[in-house]
$ cat structure25.txt   # compact mmCIF, C-alpha atoms
# COMPACT_ATOMS: atom_id res chain seq x y z
CA MET A 1 -32.01 144.73 65.77
CA ILE A 2 -31.70 141.61 63.69
CA ALA A 3 -31.82 143.82 60.62
CA VAL A 4 -28.83 145.91 61.69
CA ILE A 5 -26.86 142.80 62.61
CA ALA A 6 -27.64 141.19 59.28
CA LEU A 7 -26.58 144.34 57.44
CA ALA A 8 -23.33 144.45 59.40
CA ILE A 9 -22.68 140.78 58.65
CA GLY A 10 -23.24 141.40 54.97
CA VAL A 11 -20.86 144.37 54.89
CA ALA A 12 -18.25 142.41 56.85
CA ALA A 13 -18.57 139.45 54.46
CA GLY A 14 -18.13 141.77 51.50
CA ILE A 15 -15.07 143.41 53.03
CA PHE A 16 -13.32 140.30 54.28
CA LEU A 17 -14.09 137.87 51.49
CA GLU A 18 -13.05 140.45 48.88
CA PRO A 19 -14.91 138.68 46.09
CA THR A 20 -13.79 139.56 42.59
CA VAL A 21 -16.72 140.50 40.40
CA PRO A 22 -16.69 138.67 37.07
CA LEU A 23 -16.13 141.04 34.18
CA GLY A 24 -19.50 140.26 32.63
CA LEU A 25 -21.36 141.21 35.81
CA GLN A 26 -19.53 144.45 36.47
CA PRO A 27 -21.93 146.77 34.62
CA TYR A 28 -24.82 145.37 36.68
CA LEU A 29 -23.25 145.92 40.06
CA PRO A 30 -24.08 149.63 40.45
CA ILE A 31 -27.61 149.02 39.18
CA ALA A 32 -28.06 146.15 41.63
CA VAL A 33 -26.85 148.38 44.45
CA VAL A 34 -29.31 151.13 43.57
CA ALA A 35 -32.15 148.62 43.27
CA ALA A 36 -31.25 147.08 46.63
CA LEU A 37 -31.13 150.51 48.23
CA ASP A 38 -34.56 151.27 46.85
CA ALA A 39 -35.96 148.10 48.40
CA VAL A 40 -34.26 148.79 51.73
CA PHE A 41 -35.47 152.37 51.95
CA GLY A 42 -38.94 151.25 50.98
CA GLY A 43 -38.79 148.71 53.78
CA VAL A 44 -37.59 151.26 56.33
CA ARG A 45 -40.36 153.62 55.36
CA ALA A 46 -42.96 150.86 55.62
CA LYS A 47 -41.59 149.98 59.05
CA LEU A 48 -42.00 153.58 60.18
CA ASP A 49 -45.45 153.67 58.68
CA GLY A 50 -46.22 150.57 60.67
CA ILE A 51 -47.12 148.44 57.68
CA PHE A 52 -43.87 146.54 57.19
CA ASP A 53 -44.26 143.10 55.73
CA ASP A 54 -41.41 140.60 55.43
CA LYS A 55 -42.76 138.82 52.40
CA GLN A 56 -43.33 142.07 50.54
CA PHE A 57 -39.83 143.23 51.49
CA VAL A 58 -38.08 140.08 50.29
CA ILE A 59 -40.03 139.95 47.07
CA SER A 60 -39.53 143.63 46.34
CA PHE A 61 -35.79 143.26 46.90
CA VAL A 62 -35.41 140.22 44.67
CA SER A 63 -37.63 141.57 41.93
CA ASN A 64 -36.02 145.01 42.05
CA VAL A 65 -32.54 143.62 41.58
CA LEU A 66 -33.60 141.11 38.95
CA VAL A 67 -35.71 143.53 36.91
CA ALA A 68 -33.09 146.26 37.04
CA GLY A 69 -30.43 143.80 35.91
CA LEU A 70 -32.71 142.44 33.20
CA ILE A 71 -33.47 145.90 31.86
CA VAL A 72 -29.80 146.78 31.68
CA TYR A 73 -28.99 143.43 30.08
CA LEU A 74 -31.72 143.97 27.51
CA GLY A 75 -30.40 147.47 26.88
CA ASP A 76 -26.89 146.11 26.39
CA GLN A 77 -28.18 143.66 23.82
CA LEU A 78 -30.05 146.46 22.03
CA GLY A 79 -27.10 148.82 22.17
CA VAL A 80 -28.74 151.29 24.55
CA GLY A 81 -27.38 149.84 27.80
CA GLY A 82 -26.00 153.15 29.02
CA GLN A 83 -29.23 155.03 28.44
CA LEU A 84 -31.37 152.33 30.00
CA SER A 85 -29.17 152.11 33.09
CA THR A 86 -29.48 155.89 33.37
CA GLY A 87 -33.25 155.47 33.19
CA VAL A 88 -33.22 152.78 35.87
CA VAL A 89 -31.05 154.92 38.13
CA VAL A 90 -33.32 157.94 37.62
CA VAL A 91 -36.51 156.03 38.42
CA LEU A 92 -35.07 154.24 41.44
CA GLY A 93 -33.37 157.45 42.56
CA VAL A 94 -36.69 159.29 42.51
CA ARG A 95 -38.25 156.53 44.57
CA ILE A 96 -35.37 156.52 47.02
CA PHE A 97 -35.67 160.28 47.43
CA GLY A 98 -39.39 160.03 48.01
CA ASN A 99 -38.98 157.30 50.60
CA VAL A 100 -36.14 159.07 52.34
CA ALA A 101 -38.27 162.22 52.48
CA ALA A 102 -41.06 160.20 54.13
CA ILE A 103 -38.59 158.66 56.59
CA ARG A 104 -37.31 162.13 57.35
CA ARG A 105 -40.82 163.34 58.03
CA HIS A 106 -41.32 160.43 60.39
CA LEU A 107 -38.11 160.94 62.28
CA PHE A 108 -37.86 164.71 62.49
CA ARG A 109 -41.48 165.72 61.89
CA ALA A 110 -40.26 168.07 59.21
CA MET B 1 -53.00 170.81 24.14
CA THR B 2 -56.65 170.81 24.97
CA ALA B 3 -56.64 167.84 27.29
CA PRO B 4 -54.69 169.36 30.19
CA ARG B 5 -56.68 172.55 30.02
CA ARG B 6 -59.87 170.62 30.30
CA ASP B 7 -58.49 168.69 33.25
CA GLU B 8 -57.51 171.80 35.12
CA PRO B 9 -60.55 172.14 37.34
CA THR B 10 -60.41 168.52 38.54
CA GLU B 11 -56.70 168.84 39.13
CA ARG B 12 -57.25 171.86 41.27
CA ARG B 13 -59.89 170.11 43.29
CA ASP B 14 -57.49 167.21 43.81
CA GLU B 15 -54.91 169.50 45.27
CA ARG B 16 -57.33 171.10 47.63
CA ASP B 17 -58.24 167.92 49.44
CA GLU B 18 -54.94 166.19 48.84
CA PRO B 19 -53.70 165.52 52.38
CA ALA B 20 -56.62 163.32 53.26
CA GLU B 21 -56.62 161.53 49.96
CA ARG B 22 -52.94 160.77 49.84
CA ARG B 23 -53.06 158.73 52.97
CA ASP B 24 -56.22 156.87 52.12
CA GLU B 25 -55.67 155.70 48.56
CA PRO B 26 -52.33 156.73 47.22
CA ALA B 27 -52.26 155.12 43.81
CA ALA B 28 -55.85 154.52 42.96
CA ARG B 29 -56.72 157.98 41.79
CA ARG B 30 -53.76 159.14 39.77
CA ARG B 31 -52.82 156.09 37.88
CA ASP B 32 -53.12 157.98 34.61
CA ASP B 33 -49.74 159.74 34.88
CA LEU B 34 -46.71 157.51 35.28
CA LEU B 35 -44.25 160.14 36.47
CA ALA B 36 -46.65 161.86 38.81
CA ASP B 37 -47.53 158.46 40.24
CA LEU B 38 -43.86 157.73 40.73
CA PHE B 39 -43.25 161.02 42.49
CA ARG B 40 -46.29 160.91 44.70
CA SER B 41 -46.21 157.34 45.89
CA PRO B 42 -42.67 156.04 46.08
CA LEU B 43 -43.70 153.25 48.45
CA ASP B 44 -44.65 149.92 46.99
CA PRO B 45 -48.43 149.62 47.30
CA GLY B 46 -47.84 146.04 48.31
CA TYR B 47 -47.02 147.06 51.88
CA ALA B 48 -50.36 148.78 52.30
CA ALA B 49 -52.14 145.84 50.67
CA ALA B 50 -50.40 143.34 52.95
CA ALA B 51 -51.23 145.40 55.99
CA ALA B 52 -54.84 145.69 54.89
CA SER B 53 -55.23 141.96 54.25
CA GLY B 54 -54.28 141.22 57.84
CA LYS B 55 -52.68 137.83 57.09
CA PRO B 56 -50.12 136.62 59.61
CA PRO B 57 -46.52 137.02 58.37
CA PRO B 58 -44.87 133.84 57.05
CA ARG B 59 -42.59 131.91 59.39
CA TRP B 60 -39.51 132.54 57.29
CA GLY B 61 -40.19 136.26 57.45
CA ARG B 62 -37.50 137.29 59.87
CA TRP B 63 -34.90 135.13 58.25
CA GLY B 64 -35.83 136.40 54.84
CA ARG B 65 -35.46 139.94 56.05
CA ALA B 66 -32.07 139.14 57.56
CA VAL B 67 -30.88 137.44 54.39
CA VAL B 68 -32.00 140.35 52.21
CA LEU B 69 -30.30 142.89 54.43
CA ALA B 70 -27.15 140.80 54.53
CA ALA B 71 -27.25 140.61 50.75
CA THR B 72 -27.67 144.39 50.60
CA GLY B 73 -24.72 144.95 52.86
CA PHE B 74 -22.69 142.50 50.82
CA LEU B 75 -23.61 144.28 47.61
CA LEU B 76 -22.71 147.64 49.08
CA ALA B 77 -19.35 146.40 50.30
CA VAL B 78 -18.54 144.68 47.02
CA ALA B 79 -19.55 147.73 44.99
CA TYR B 80 -17.50 149.99 47.21
CA HIS B 81 -14.57 147.64 46.99
CA GLN B 82 -14.95 147.49 43.22
CA ALA B 83 -15.13 151.28 42.87
CA VAL B 84 -12.09 151.79 45.07
CA ALA B 85 -10.11 149.11 43.28
CA GLU B 86 -11.10 150.41 39.85
CA ALA B 87 -10.37 154.11 40.22
CA PRO B 88 -6.73 154.09 41.22
CA SER B 89 -5.73 151.12 39.09
CA ALA B 90 -5.61 153.31 35.99
CA SER B 91 -3.68 156.09 37.66
CA ARG B 92 -1.44 153.59 39.39
CA ALA B 93 -0.57 152.01 36.06
CA ARG B 94 0.18 155.47 34.70
CA ASP B 95 2.39 156.36 37.65
CA ASP B 96 4.25 153.10 37.26
CA LEU B 97 4.80 153.79 33.59
CA VAL B 98 6.00 157.34 34.27
CA ALA B 99 8.43 156.09 36.90
CA ASP B 100 9.57 153.41 34.48
CA VAL B 101 10.19 155.96 31.75
CA HIS B 102 12.15 158.21 34.11
CA ALA B 103 14.27 155.29 35.29
CA ARG B 104 15.00 154.26 31.73
CA GLN B 105 15.89 157.84 30.82
CA ARG B 106 18.34 158.00 33.69
CA THR B 107 19.86 154.71 32.60
CA THR B 108 20.19 156.01 29.06
CA GLU B 109 21.89 159.17 30.27
CA ASP B 110 24.30 157.18 32.39
CA LEU B 111 25.12 154.91 29.53
CA GLN B 112 25.55 157.87 27.19
CA ARG B 113 27.95 159.53 29.61
CA ARG B 114 29.88 156.31 29.98
CA ALA B 115 30.02 155.90 26.21
CA ASP B 116 31.38 159.44 25.86
CA GLU B 117 34.03 158.78 28.48
CA LEU B 118 35.07 155.57 26.82
CA ARG B 119 35.17 157.24 23.42
CA ALA B 120 37.44 159.95 24.79
CA GLN B 121 39.67 157.24 26.24
CA VAL B 122 39.75 155.42 22.93
CA ASP B 123 40.63 158.61 21.09
CA GLN B 124 43.37 159.34 23.57
CA ALA B 125 44.77 155.83 23.30
CA ARG B 126 44.64 156.01 19.54
CA ASP B 127 46.44 159.32 19.47
CA ASP B 128 49.09 157.85 21.74
CA ALA B 129 49.40 154.73 19.63
CA LEU B 130 49.74 156.62 16.37
CA ALA B 131 53.19 157.97 17.00
CA ASP B 132 53.74 159.70 13.69
CA ASP B 133 51.79 162.92 13.20
CA ASP B 134 51.10 162.18 9.59
CA SER B 135 48.67 159.33 10.08
CA ALA B 136 47.05 161.01 13.09
CA ALA B 137 46.32 164.09 11.03
CA ARG B 138 45.01 161.94 8.20
CA LEU B 139 42.73 160.10 10.59
CA LYS B 140 41.37 163.42 11.92
CA GLN B 141 40.75 164.58 8.40
CA LEU B 142 38.84 161.40 7.59
CA ALA B 143 36.84 161.59 10.81
CA ALA B 144 35.84 165.16 10.00
CA GLY B 145 34.86 164.16 6.50
CA THR B 146 32.79 161.16 7.51
CA GLY B 147 31.06 162.95 10.34
CA THR B 148 32.42 160.93 13.23
CA GLY B 149 34.62 163.78 14.43
CA ARG B 150 33.72 167.20 15.79
CA VAL B 151 34.41 170.02 13.35
CA THR B 152 34.60 173.78 13.67
CA GLY B 153 34.58 176.32 10.89
CA ASP B 154 32.72 178.91 8.90
CA GLY B 155 29.62 178.14 6.93
CA ALA B 156 25.91 178.76 6.67
CA VAL B 157 22.75 178.07 8.63
CA VAL B 158 19.56 177.39 6.71
CA ARG B 159 16.43 177.78 8.81
CA VAL B 160 13.02 176.48 7.74
CA VAL B 161 9.96 176.84 9.93
CA ASP B 162 6.50 175.30 9.59
CA ALA B 163 3.87 177.76 8.48
CA PRO B 164 1.51 178.66 11.35
CA PRO B 165 -1.84 176.90 11.00
CA GLU B 166 -4.33 178.94 9.06
CA VAL B 167 -6.95 180.39 11.38
CA ASP B 168 -10.48 180.77 10.21
CA PRO B 169 -11.34 184.47 10.63
CA VAL B 170 -14.94 183.73 11.57
CA THR B 171 -14.75 180.82 13.98
CA GLY B 172 -11.19 181.36 15.19
CA GLU B 173 -10.47 177.67 14.73
CA ALA B 174 -7.34 176.38 13.11
CA LYS B 175 -7.85 174.78 9.74
CA GLU B 176 -7.05 171.12 9.40
CA GLU B 177 -5.02 171.34 6.25
CA ASN B 178 -1.69 173.14 6.36
CA LEU B 179 0.36 173.01 3.19
CA GLY B 180 3.21 174.97 4.71
CA ILE B 181 4.43 172.11 6.94
CA VAL B 182 8.08 171.21 6.41
CA LEU B 183 8.34 167.64 5.15
CA ASP B 184 11.17 165.17 5.29
CA ARG B 185 11.54 165.70 1.54
CA ASP B 186 12.21 169.39 2.14
CA LEU B 187 15.02 168.70 4.60
CA GLN B 188 16.46 166.11 2.22
CA ASP B 189 16.43 168.68 -0.58
CA ILE B 190 18.06 171.33 1.58
CA THR B 191 20.85 169.02 2.75
CA ASN B 192 21.44 167.75 -0.78
CA GLY B 193 21.52 171.34 -2.00
CA LEU B 194 24.07 172.20 0.66
CA TRP B 195 26.25 169.22 -0.27
CA GLN B 196 26.00 170.34 -3.86
CA SER B 197 27.03 173.87 -2.92
CA GLY B 198 30.23 172.49 -1.43
CA ALA B 199 29.36 171.84 2.22
CA GLU B 200 31.82 169.58 4.02
CA ALA B 201 29.80 168.84 7.15
CA ILE B 202 26.08 169.22 7.84
CA ALA B 203 23.96 168.91 10.94
CA VAL B 204 20.18 169.12 11.21
CA ASN B 205 19.11 170.57 14.57
CA GLY B 206 22.49 169.52 15.96
CA GLN B 207 22.19 166.00 14.53
CA ARG B 208 25.32 165.45 12.45
CA LEU B 209 24.87 163.73 9.11
CA THR B 210 27.17 160.98 7.94
CA ALA B 211 27.30 159.02 4.74
CA THR B 212 24.71 156.58 6.09
CA SER B 213 22.35 159.10 7.71
CA THR B 214 18.67 159.05 6.91
CA ILE B 215 16.07 161.80 6.94
CA ARG B 216 12.61 160.38 6.87
CA ALA B 217 9.17 160.88 8.32
CA ALA B 218 7.28 158.55 10.64
CA GLY B 219 3.80 159.45 11.82
CA GLY B 220 4.11 163.15 11.03
CA VAL B 221 7.47 163.52 12.76
CA ILE B 222 10.74 163.96 10.90
CA LEU B 223 13.44 161.57 12.04
CA VAL B 224 17.12 162.25 11.40
CA ASP B 225 19.00 159.03 12.03
CA PHE B 226 15.91 157.79 13.89
CA LYS B 227 15.98 160.72 16.29
CA PRO B 228 13.02 163.12 16.05
CA VAL B 229 13.60 166.76 15.11
CA THR B 230 10.95 169.47 15.28
CA SER B 231 10.31 172.86 13.74
CA PRO B 232 12.16 175.24 13.57
CA TYR B 233 14.70 173.23 11.60
CA ASP B 234 18.24 174.57 11.57
CA VAL B 235 20.42 172.99 8.93
CA SER B 236 23.98 174.04 9.76
CA ALA B 237 26.72 173.44 7.23
CA ILE B 238 30.45 174.07 7.23
CA GLY B 239 32.04 174.73 3.89
CA PRO B 240 33.71 177.29 1.68
CA GLY B 241 33.34 180.96 2.57
CA ASP B 242 30.71 181.62 -0.05
CA LEU B 243 28.57 178.62 0.92
CA ALA B 244 25.60 180.74 1.99
CA GLN B 245 25.74 182.76 -1.19
CA ARG B 246 26.08 179.68 -3.38
CA PHE B 247 23.21 177.89 -1.72
CA ASP B 248 21.07 181.02 -1.83
CA GLY B 249 21.41 181.03 -5.59
CA SER B 250 20.68 177.33 -6.01
CA PRO B 251 17.39 176.06 -7.47
CA THR B 252 16.50 174.50 -4.09
CA ALA B 253 16.65 177.84 -2.31
CA LYS B 254 14.63 179.47 -5.07
CA ARG B 255 11.98 176.80 -4.70
CA PHE B 256 11.76 177.38 -0.94
CA LYS B 257 11.41 181.12 -1.51
CA ARG B 258 8.40 180.33 -3.64
CA TYR B 259 7.05 178.21 -0.77
CA VAL B 260 7.45 181.22 1.50
CA ASP B 261 5.27 183.27 -0.83
CA SER B 262 2.56 180.70 -1.44
CA TYR B 263 2.48 178.65 1.79
CA ARG B 264 3.80 181.17 4.38
CA MET B 265 6.62 178.78 5.31
CA GLN B 266 9.62 180.57 6.80
CA PHE B 267 12.99 180.15 5.13
CA SER B 268 16.28 181.95 5.64
CA VAL B 269 19.92 181.38 4.71
CA LYS B 270 22.53 183.06 6.90
CA LYS B 271 26.27 183.12 6.72
CA ARG B 272 27.79 182.13 10.03
CA THR B 273 31.35 182.06 11.28
CA ASN B 274 32.84 179.73 13.83
CA LEU B 275 30.18 177.04 13.63
CA THR B 276 30.80 173.89 15.64
CA LEU B 277 29.16 170.67 14.57
CA ALA B 278 29.12 167.80 17.04
CA ALA B 279 30.29 164.37 16.03
CA ALA B 280 27.75 161.86 14.84
CA PRO B 281 27.38 158.78 17.03
CA GLU B 282 29.89 156.10 16.16
CA PRO B 283 28.34 153.77 13.61
CA PRO B 284 27.94 150.22 14.89
CA LEU B 285 30.65 147.86 13.82
CA ARG B 286 29.31 145.36 11.34
CA TYR B 287 32.27 143.25 10.32
CA ALA B 288 35.05 144.17 12.70
CA ARG B 289 35.32 142.29 15.97
CA PRO B 290 37.23 143.47 19.01
CA PRO B 291 40.37 141.30 19.32
CA SER B 292 39.63 139.93 22.79
CA PRO B 293 41.22 136.63 23.73
CA SER B 294 39.02 136.32 26.84
CA PRO B 295 35.58 137.79 26.21
CA SER B 296 34.64 137.77 29.86
CA SER B 297 37.28 140.31 30.82
CA SER B 298 36.94 142.57 27.81
CA GLY B 299 33.71 144.24 28.91
CA GLY B 300 32.75 144.54 25.27
CA PRO B 301 29.47 143.56 23.70
CA ARG B 302 28.39 140.14 24.74
$ encode --input "structure25.txt" --output "structure tokens"
Amino acid sequence: MIAVIALAIGVAAGIFLEPTVPLGLQPYLPIAVVAALDAVFGGVRAKLDGIFDDKQFVISFVSNVLVAGLIVYLGDQLGVGGQLSTGVVVVLGVRIFGNVAAIRRHLFRA
Amino acid sequence: MTAPRRDEPTERRDERDEPAERRDEPAARRRDDLLADLFRSPLDPGYAAAAASGKPPPRWGRWGRAVVLAATGFLLAVAYHQAVAEAPSASRARDDLVADVHARQRTTEDLQRRADELRAQVDQARDDALADDDSAARLKQLAAGTGTGRVTGDGAVVRVVDAPPEVDPVTGEAKEENLGIVLDRDLQDITNGLWQSGAEAIAVNGQRLTATSTIRAAGGVILVDFKPVTSPYDVSAIGPGDLAQRFDGSPTAKRFKRYVDSYRMQFSVKKRTNLTLAAAPEPPLRYARPPSPSPSSSGGPR
């Protein structure tokens, strides 16, 4: 319950505060979103598996976002930012798909 | 190539008793293959490890979870907002520009119409003011000669057309280089040749030439008096009855006929009767000033 409320508060804050993203951070925003989604879906799956752990969840979220951003930043500096962000999206996308498939199995038994 | 083949039996055995193994120790066995590992165990092993260790969750756990989820929601909203704001801004700018261009075009047309009306009024007033027919006729003659008056008469039309781009027979692609493009030099030569052959008034694609007209190129486009003209180029000229014949025999025409043979440019000279050439726009006054005692009421240039 608290999770849903917190998510709603976050969305509401994002909508009503209308923060402008600094130009330098704009390329990292989609990557950060994908990384955050990966952490969230991982958490949901762990919850359904009955092994959810708050500490693990928080750390995986923070490290996901930071590492994804760092990889893209490094790629930008090396001139392969686009390719590396594609790589990050592919890897995290695969993980998200896997976790969503597990969640699906839990919820629908299929 | 030999390594996978050798591994085949073990791999097969893995698959057979997979269901039991996957739940027990997801990552331990197949750590050798990065992608397979990624596909098979998308969940962070940390969850299983934390559950196995049996430590009590930290006190900040619930708040940490709430903060992370709030941050996720915030990120989602901001990213969505960003994507929505980004996408139409480009098309909005384009729409604005298009509307702007249309508005300016309408303004230009209105102004042009007004200028034409005023010019007709000025001509009428001038005709009224010049009581004696002699000077009026002389003025008309001069206007026709200088290009600021409309003229009608017999003459010739010279048409030059860019050569079509050469197409490669194998690939079907147009070749980059086309030597048969009409250049500003060509139009200059044709008009000069027509003047030489006795033309009294010339217009290029309806753009009347005066003594101060220019034909030049800018960025691959030919400009006549700073207005772009495109192929096919019709150079109409009014002059003596044998103008077409005279020009056809001139060195300029002969040169263009050679261009037709070697560069596939199109070139034709035709005699035409009853040609009408529009007046050139009135040249801006440089030294004369309208004699207006009160500038505010004159409505002239401010």
$ closest_atom_pairs --input "structure25.txt" --of "chain A" --to "chain B" --cutoff "7 Å" --atoms "all atoms listed in the file" --output "JSON lines"
{"residue": "A:Ile2", "atom": "CA", "partner": "B:Ala66", "partner_atom": "CA", "distance": 6.6}
{"residue": "A:Ala3", "atom": "CA", "partner": "B:Ala66", "partner_atom": "CA", "distance": 5.6}
{"residue": "A:Ala6", "atom": "CA", "partner": "B:Ala70", "partner_atom": "CA", "distance": 4.8}
{"residue": "A:Leu7", "atom": "CA", "partner": "B:Ala70", "partner_atom": "CA", "distance": 4.6}
{"residue": "A:Ala8", "atom": "CA", "partner": "B:Gly73", "partner_atom": "CA", "distance": 6.7}
{"residue": "A:Ile9", "atom": "CA", "partner": "B:Ala70", "partner_atom": "CA", "distance": 6.1}
{"residue": "A:Gly10", "atom": "CA", "partner": "B:Ala70", "partner_atom": "CA", "distance": 4.0}
{"residue": "A:Val11", "atom": "CA", "partner": "B:Gly73", "partner_atom": "CA", "distance": 4.4}
{"residue": "A:Ala13", "atom": "CA", "partner": "B:Phe74", "partner_atom": "CA", "distance": 6.3}
{"residue": "A:Gly14", "atom": "CA", "partner": "B:Phe74", "partner_atom": "CA", "distance": 4.7}
{"residue": "A:Ile15", "atom": "CA", "partner": "B:Ala77", "partner_atom": "CA", "distance": 5.9}
{"residue": "A:Leu29", "atom": "CA", "partner": "B:Ala79", "partner_atom": "CA", "distance": 6.4}
{"residue": "A:Pro30", "atom": "CA", "partner": "B:Ala79", "partner_atom": "CA", "distance": 6.7}
{"residue": "A:Val33", "atom": "CA", "partner": "B:Leu75", "partner_atom": "CA", "distance": 6.1}
{"residue": "A:Ala36", "atom": "CA", "partner": "B:Thr72", "partner_atom": "CA", "distance": 6.0}
{"residue": "A:Gly42", "atom": "CA", "partner": "B:Leu43", "partner_atom": "CA", "distance": 5.7}
{"residue": "A:Ala46", "atom": "CA", "partner": "B:Tyr47", "partner_atom": "CA", "distance": 6.7}
{"residue": "A:Ile51", "atom": "CA", "partner": "B:Ala51", "partner_atom": "CA", "distance": 5.4}
{"residue": "A:Phe52", "atom": "CA", "partner": "B:Tyr47", "partner_atom": "CA", "distance": 6.2}
{"residue": "A:Asp53", "atom": "CA", "partner": "B:Tyr47", "partner_atom": "CA", "distance": 6.2}
{"residue": "A:Asp54", "atom": "CA", "partner": "B:Gly61", "partner_atom": "CA", "distance": 4.9}
{"residue": "A:Lys55", "atom": "CA", "partner": "B:Gly61", "partner_atom": "CA", "distance": 6.2}
{"residue": "A:Gln56", "atom": "CA", "partner": "B:Tyr47", "partner_atom": "CA", "distance": 6.3}
{"residue": "A:Val58", "atom": "CA", "partner": "B:Gly64", "partner_atom": "CA", "distance": 6.3}
{"residue": "A:Val94", "atom": "CA", "partner": "B:Phe39", "partner_atom": "CA", "distance": 6.8}
{"residue": "A:Arg95", "atom": "CA", "partner": "B:Pro42", "partner_atom": "CA", "distance": 4.7}
{"residue": "A:Gly98", "atom": "CA", "partner": "B:Pro42", "partner_atom": "CA", "distance": 5.5}
{"residue": "A:Asn99", "atom": "CA", "partner": "B:Pro42", "partner_atom": "CA", "distance": 6.0}
$ atom_distance --input "structure25.txt" --atom1 "atom CA of B:Ala99" --atom2 "atom CA of B:Leu111"
18.3 Å
$ atom_distance --input "structure25.txt" --atom1 "atom CA of B:Thr152" --atom2 "atom CA of B:Gly241"
13.3 Å
$ atom_distance --input "structure25.txt" --atom1 "atom CA of B:Val260" --atom2 "atom CA of B:Pro228"
23.9 Å
$ closest_residue --input "structure25.txt" --among "A:Ile103, A:Val88, A:Leu78, A:Ala32" --to "A:Val62" --atoms "all atoms listed in the file"
A:Ala32
$ residues_around --input "structure25.txt" --residues "B:Arg208" --least-positions-apart "2" --cutoff "10 Å" --atoms "all atoms listed in the file" --output "JSON, numbers by chain"
{"B": [146, 147, 148, 149, 150, 201, 202, 203, 204, 205, 206, 210, 213, 224, 225, 235, 236, 237, 277, 278, 279, 280, 281]}
$ residues_around --input "structure25.txt" --residues "stretch 187-193 of chain B" --least-positions-apart "2" --cutoff "8 Å" --atoms "all atoms listed in the file" --output "VMD selection string"
chain B and resid 182 to 185 195 to 197 202 215 235 247 250 252 to 253
$ closest_residue --input "structure25.txt" --among "A:Ile31, A:Ile5, A:Gly24, A:Leu70" --to "A:Ser85" --atoms "only C-alpha atoms"
A:Ile31
$ closest_residue --input "structure25.txt" --among "B:Leu130, B:Ala156, B:Ala174, B:Ala163" --to "B:Glu200" --atoms "all atoms listed in the file"
B:Ala156
$ residues_around --input "structure25.txt" --residues "A:Gly87" --least-positions-apart "3" --cutoff "12 Å" --atoms "all atoms listed in the file" --output "PyMOL selection string"
chain A and resi 31+34+68+71-72+75+80-84+90-94
$ closest_residue --input "structure25.txt" --among "B:Glu282, B:Arg94, B:Arg104, B:Lys175" --to "B:Leu118" --atoms "all atoms listed in the file"
B:Glu282
$ axis_aligned_box --input "structure25.txt" --around "stretch 43-54 of chain A" --padding-each-side "8 Å" --output "AutoDock Vina command-line options"
--center_x -42.4 --center_y 147.1 --center_z 57.2 --size_x 25.5 --size_y 29.1 --size_z 22.9
$ closest_residue --input "structure25.txt" --among "B:Asp154, B:Asp132, B:Glu109, B:Glu117" --to "B:Thr276" --atoms "all atoms listed in the file"
B:Asp154
$ closest_residue --input "structure25.txt" --among "A:Leu107, A:Leu25, A:Ile96, A:Ala102" --to "A:Val40" --atoms "all atoms listed in the file"
A:Ile96
